[in-house]
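As provided, protein.cif (mmCIF, C-alpha atoms) reads as follows.
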```cif
data_work
#
loop_
_atom_site.group_PDB
_atom_site.id
_atom_site.type_symbol
_atom_site.label_atom_id
_atom_site.label_comp_id
_atom_site.auth_asym_id
_atom_site.auth_seq_id
_atom_site.Cartn_x
_atom_site.Cartn_y
_atom_site.Cartn_z
ATOM 1 C CA MET V 998 13.466 -5.461 3.691
ATOM 2 C CA SER V 999 11.756 -8.353 1.939
ATOM 3 C CA ARG V 1000 8.443 -8.236 0.089
ATOM 4 C CA GLU V 1001 6.760 -10.066 2.963
ATOM 5 C CA GLU V 1002 8.164 -7.624 5.526
ATOM 6 C CA PHE V 1003 7.088 -4.638 3.424
ATOM 7 C CA LEU V 1004 3.551 -5.966 3.035
ATOM 8 C CA THR V 1005 3.309 -6.860 6.734
ATOM 9 C CA GLU V 1006 4.363 -3.351 7.753
ATOM 10 C CA LEU V 1007 1.938 -1.829 5.262
ATOM 11 C CA ARG V 1008 -0.912 -4.027 6.554
ATOM 12 C CA LYS V 1009 -0.162 -3.112 10.186
ATOM 13 C CA ALA V 1010 -0.128 0.602 9.348
ATOM 14 C CA LEU V 1011 -3.413 0.435 7.404
ATOM 15 C CA GLN V 1012 -5.364 -1.994 9.583
ATOM 16 C CA GLY V 1013 -8.247 -0.350 11.424
ATOM 17 C CA ARG V 1014 -7.682 3.021 9.767
ATOM 18 C CA ILE V 1015 -9.483 2.305 6.478
ATOM 19 C CA SER V 1016 -11.921 -0.355 5.305
ATOM 20 C CA GLN V 1017 -10.694 -3.936 5.160
ATOM 21 C CA GLN V 1018 -11.519 -4.010 1.448
ATOM 22 C CA THR V 1019 -9.242 -1.015 0.824
ATOM 23 C CA VAL V 1020 -6.483 -2.627 2.909
ATOM 24 C CA ASN V 1021 -6.780 -5.827 0.859
ATOM 25 C CA ASP V 1022 -6.871 -3.919 -2.443
ATOM 26 C CA ASN V 1023 -3.712 -2.007 -1.574
ATOM 27 C CA LEU V 1024 -1.838 -5.072 -0.347
ATOM 28 C CA ARG V 1025 -2.745 -6.911 -3.535
ATOM 29 C CA TYR V 1026 -1.706 -3.927 -5.669
ATOM 30 C CA TYR V 1027 1.699 -3.521 -4.033
ATOM 31 C CA GLU V 1028 2.427 -7.244 -4.032
ATOM 32 C CA GLU V 1029 1.659 -7.409 -7.751
ATOM 33 C CA TYR V 1030 3.678 -4.235 -8.370
ATOM 34 C CA ILE V 1031 6.743 -5.636 -6.596
ATOM 35 C CA LEU V 1032 6.477 -8.932 -8.489
ATOM 36 C CA THR V 1033 5.967 -7.205 -11.847
ATOM 37 C CA GLU V 1034 8.942 -4.907 -11.374
ATOM 38 C CA SER V 1035 11.050 -7.845 -10.209
ATOM 39 C CA HIS V 1036 10.209 -9.724 -13.405
ATOM 40 C CA LYS V 1037 11.416 -6.693 -15.363
ATOM 41 C CA GLY V 1038 14.889 -7.176 -13.903
ATOM 42 C CA LYS V 1039 14.913 -5.167 -10.692
ATOM 43 C CA THR V 1040 15.593 -6.869 -7.396
ATOM 44 C CA GLU V 1041 12.858 -6.915 -4.772
ATOM 45 C CA ALA V 1042 15.097 -4.760 -2.601
ATOM 46 C CA GLU V 1043 15.390 -2.145 -5.354
ATOM 47 C CA VAL V 1044 11.630 -2.024 -5.899
ATOM 48 C CA ILE V 1045 10.927 -1.778 -2.195
ATOM 49 C CA ALA V 1046 13.534 0.955 -1.780
ATOM 50 C CA GLU V 1047 11.828 2.924 -4.567
ATOM 51 C CA LEU V 1048 8.456 2.549 -2.821
ATOM 52 C CA GLY V 1049 9.925 3.886 0.399
ATOM 53 C CA ASN V 1050 8.829 3.422 3.971
ATOM 54 C CA PRO V 1051 5.603 1.369 4.138
ATOM 55 C CA ARG V 1052 4.341 3.473 7.063
ATOM 56 C CA LEU V 1053 4.686 6.680 5.045
ATOM 57 C CA LEU V 1054 2.991 4.985 2.112
ATOM 58 C CA ALA V 1055 0.172 3.907 4.442
ATOM 59 C CA LYS V 1056 -0.245 7.478 5.652
ATOM 60 C CA SER V 1057 -0.654 8.646 2.052
ATOM 61 C CA ILE V 1058 -3.224 5.912 1.385
ATOM 62 C CA ILE V 1059 -5.156 6.768 4.556
ATOM 63 C CA ASP V 1060 -5.079 10.496 3.784
ATOM 64 C CA ALA V 1061 -6.330 9.870 0.238
ATOM 65 C CA GLU V 1062 -9.099 7.599 1.491
ATOM 66 C CA ASN V 1063 -10.192 10.191 4.042
ATOM 67 C CA GLU V 1064 -10.159 12.914 1.386
ATOM 68 C CA ILE V 1065 -12.398 10.806 -0.855
ATOM 69 C CA GLY V 1066 -14.777 10.225 2.065
ATOM 70 C CA ARG V 1067 -15.003 13.947 2.778
ATOM 71 C CA ALA V 1068 -15.660 14.730 -0.883
ATOM 72 C CA VAL V 1069 -18.462 12.174 -1.024
ATOM 73 C CA GLN V 1070 -20.040 13.557 2.143
ATOM 74 C CA GLN V 1071 -19.987 17.090 0.738
ATOM 75 C CA GLU V 1072 -21.796 15.940 -2.394
ATOM 76 C CA CYS V 1073 -24.654 14.457 -0.359
#
```

Write the structure described by the file as structure tokens, please.
Amino acid sequence: MSREEFLTELRKALQGRISQQTVNDNLRYYEEYILTESHKGKTEAEVIAELGNPRLLAKSIIDAENEIGRAVQQEC
């Protein structure tokens, strides 16, 4: 899977489930992460394999975002 494919799958899995700002922040983070690790000598494929399935990653991001939202609501 290429970087573009990974980011597209991640975007699709996140879109509409969390705020657009959080989607954009995560896409930017993972694109920069893949590029940074690639410059350190790893191939894009190796970096992406280490990150795992973008849909599972999206689920973790969504779960974390929802957990933060619940914590904020409890404080109010």

For a quick check of understanding, using all atoms listed in the file, which of V:Arg1000, V:Gly1013, V:Leu1007, V:Arg1052 has the smallest distance to Glu1029 (chain V)? V:Arg1000

Nearest to Ser1057 (chain V), restricted to only C-alpha atoms and choosing among V:Phe1003, V:Lys1039, V:Tyr1030, V:Ala1010, comes out as V:Ala1010

Can you translate the PyMOL selection byres ((chain V and resi 1012) around 12) into the concrete residues it hits in this file, as a VMD selection string? chain V and resid 1004 to 1011 1013 to 1021 1023 to 1024 1052 1055 to 1056 1058 to 1059

Two-atom distance - CA of Glu1028 (chain V), CA of Ile1045 (chain V) (Å): 10.3 Å
